[in-house]
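Please read the structure below before turning to the comments.
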Amino acid sequence: MQRYEVLLTEDAERDLEELFDYIAGHGSPVAAGHVLSRVEKSIASLSSFPERGSFPKELLALGIRDYRQVFFKPYRLIYRVVGTRVYIYLIVDGRRDMQTLLARRLLGA
């Protein structure tokens with residue numbers, strides 16, 4: 001079975017730090033640690049099965065099929081498979097305005 005190298009962009013690393021800080025500040029460090037652990041598990045799973053992710057509906061509506069997503073509800077990890085590498089671009093609460101976030105982060109709008 002082929003293994004993929006999973007890489008986080010600077011934006012995705014910042015997303016993860018902000019997510020942890022937000023949950024720790026508004027909930028508890030224990031809850032933040034749990035979420036971080038689950039997100040890291042989702043990230044690690046992409047090294048074996050990156051194609052399992054679905055296409056984000058907001059991008060499909062624009063005819064864009066370059067990116068995929070996996071969920072740890074309500075969080076979404078948006079990524080792209082390039083050769084044997086998986087680039088994670090966005091780690092975000094899916095209840096946010098995804099259309100604007102995706103346009104800004106992935107499409108440079």
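As shown in the structure tokens, the chain order sets the letters A, B, ...; within each chain, residues go from 1, and ligands are also counted from 1 in the order they appear.
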Practice item. Fewer than 5 positions away in the same chain doesn't count, so skip those; otherwise give me all residues within 7 Å of stretch 47-63 of chain A, counting only C-alpha atoms, as a ChimeraX atom specification. Key: /A:2-6,68-70,99
Exercise for review: Find the residues around A:Asp15 up to 12 Å (only C-alpha atoms counted), leave out those fewer than 2 positions away in its own chain, and share them as a ChimeraX atom specification.
Suggested key: /A:8-13,17-22,36,39,75-78,88-93,101,105
Exercise for review: Using only C-alpha atoms, determine which residues lie at most 9 Å from A:Val35, disregarding the query and same-chain residues fewer than 2 positions distant; provide the list as a ChimeraX atom specification.
Suggested key: /A:19-20,23,30-33,37-40,72
Review point. Please, which residues of chain A, numbered as in this document, come out strand (DSSP E or B) from DSSP, as a PyMOL selection string?
Key: chain A and resi 5-8+54+68-72+75-82+85-93
**Study point:** Test item, alpha helix (DSSP H) assignment across chain A, answer as a PyMOL selection string
**Key:** chain A and resi 10-26+29-45+57-60+98-106
Exercise for review: Give me the residues within 8 Å of A:Leu7 as a PyMOL selection string, counting only C-alpha atoms and dropping any in the same chain fewer than 3 places off.
Suggested key: chain A and resi 85-88
Output file for the selection above: N, CA and C atoms, as a compact mmCIF listing (two decimals), in the first residue's frame:
# COMPACT_ATOMS: atom_id res chain seq x y z
N ARG A 85 1.98 13.35 -2.13
CA ARG A 85 1.86 14.28 -1.01
C ARG A 85 0.42 14.75 -0.85
N VAL A 86 0.05 14.97 0.41
CA VAL A 86 -1.26 15.51 0.75
C VAL A 86 -1.00 16.84 1.44
N TYR A 87 -1.53 17.91 0.86
CA TYR A 87 -1.36 19.25 1.43
C TYR A 87 -2.67 19.67 2.08
N ILE A 88 -2.62 19.91 3.39
CA ILE A 88 -3.80 20.38 4.10
C ILE A 88 -3.76 21.90 4.10
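Of the residues listed (A:Gly83, A:Leu16, A:Ile43, A:Asp66), A:Asp66 shows the shortest atom-to-atom separation from A:Leu106; distances use only C-alpha atoms.
Picture a line from atom CA of A:His34 to atom CA of A:Arg104; it runs 28.8 Å.
The space separating atom CA of A:Asp97 from atom CA of A:Gly27 comes to 22.3 Å.
One distance worth recording is that between atom CA of A:Ala44 and atom CA of A:Pro29, which is 22.0 Å.
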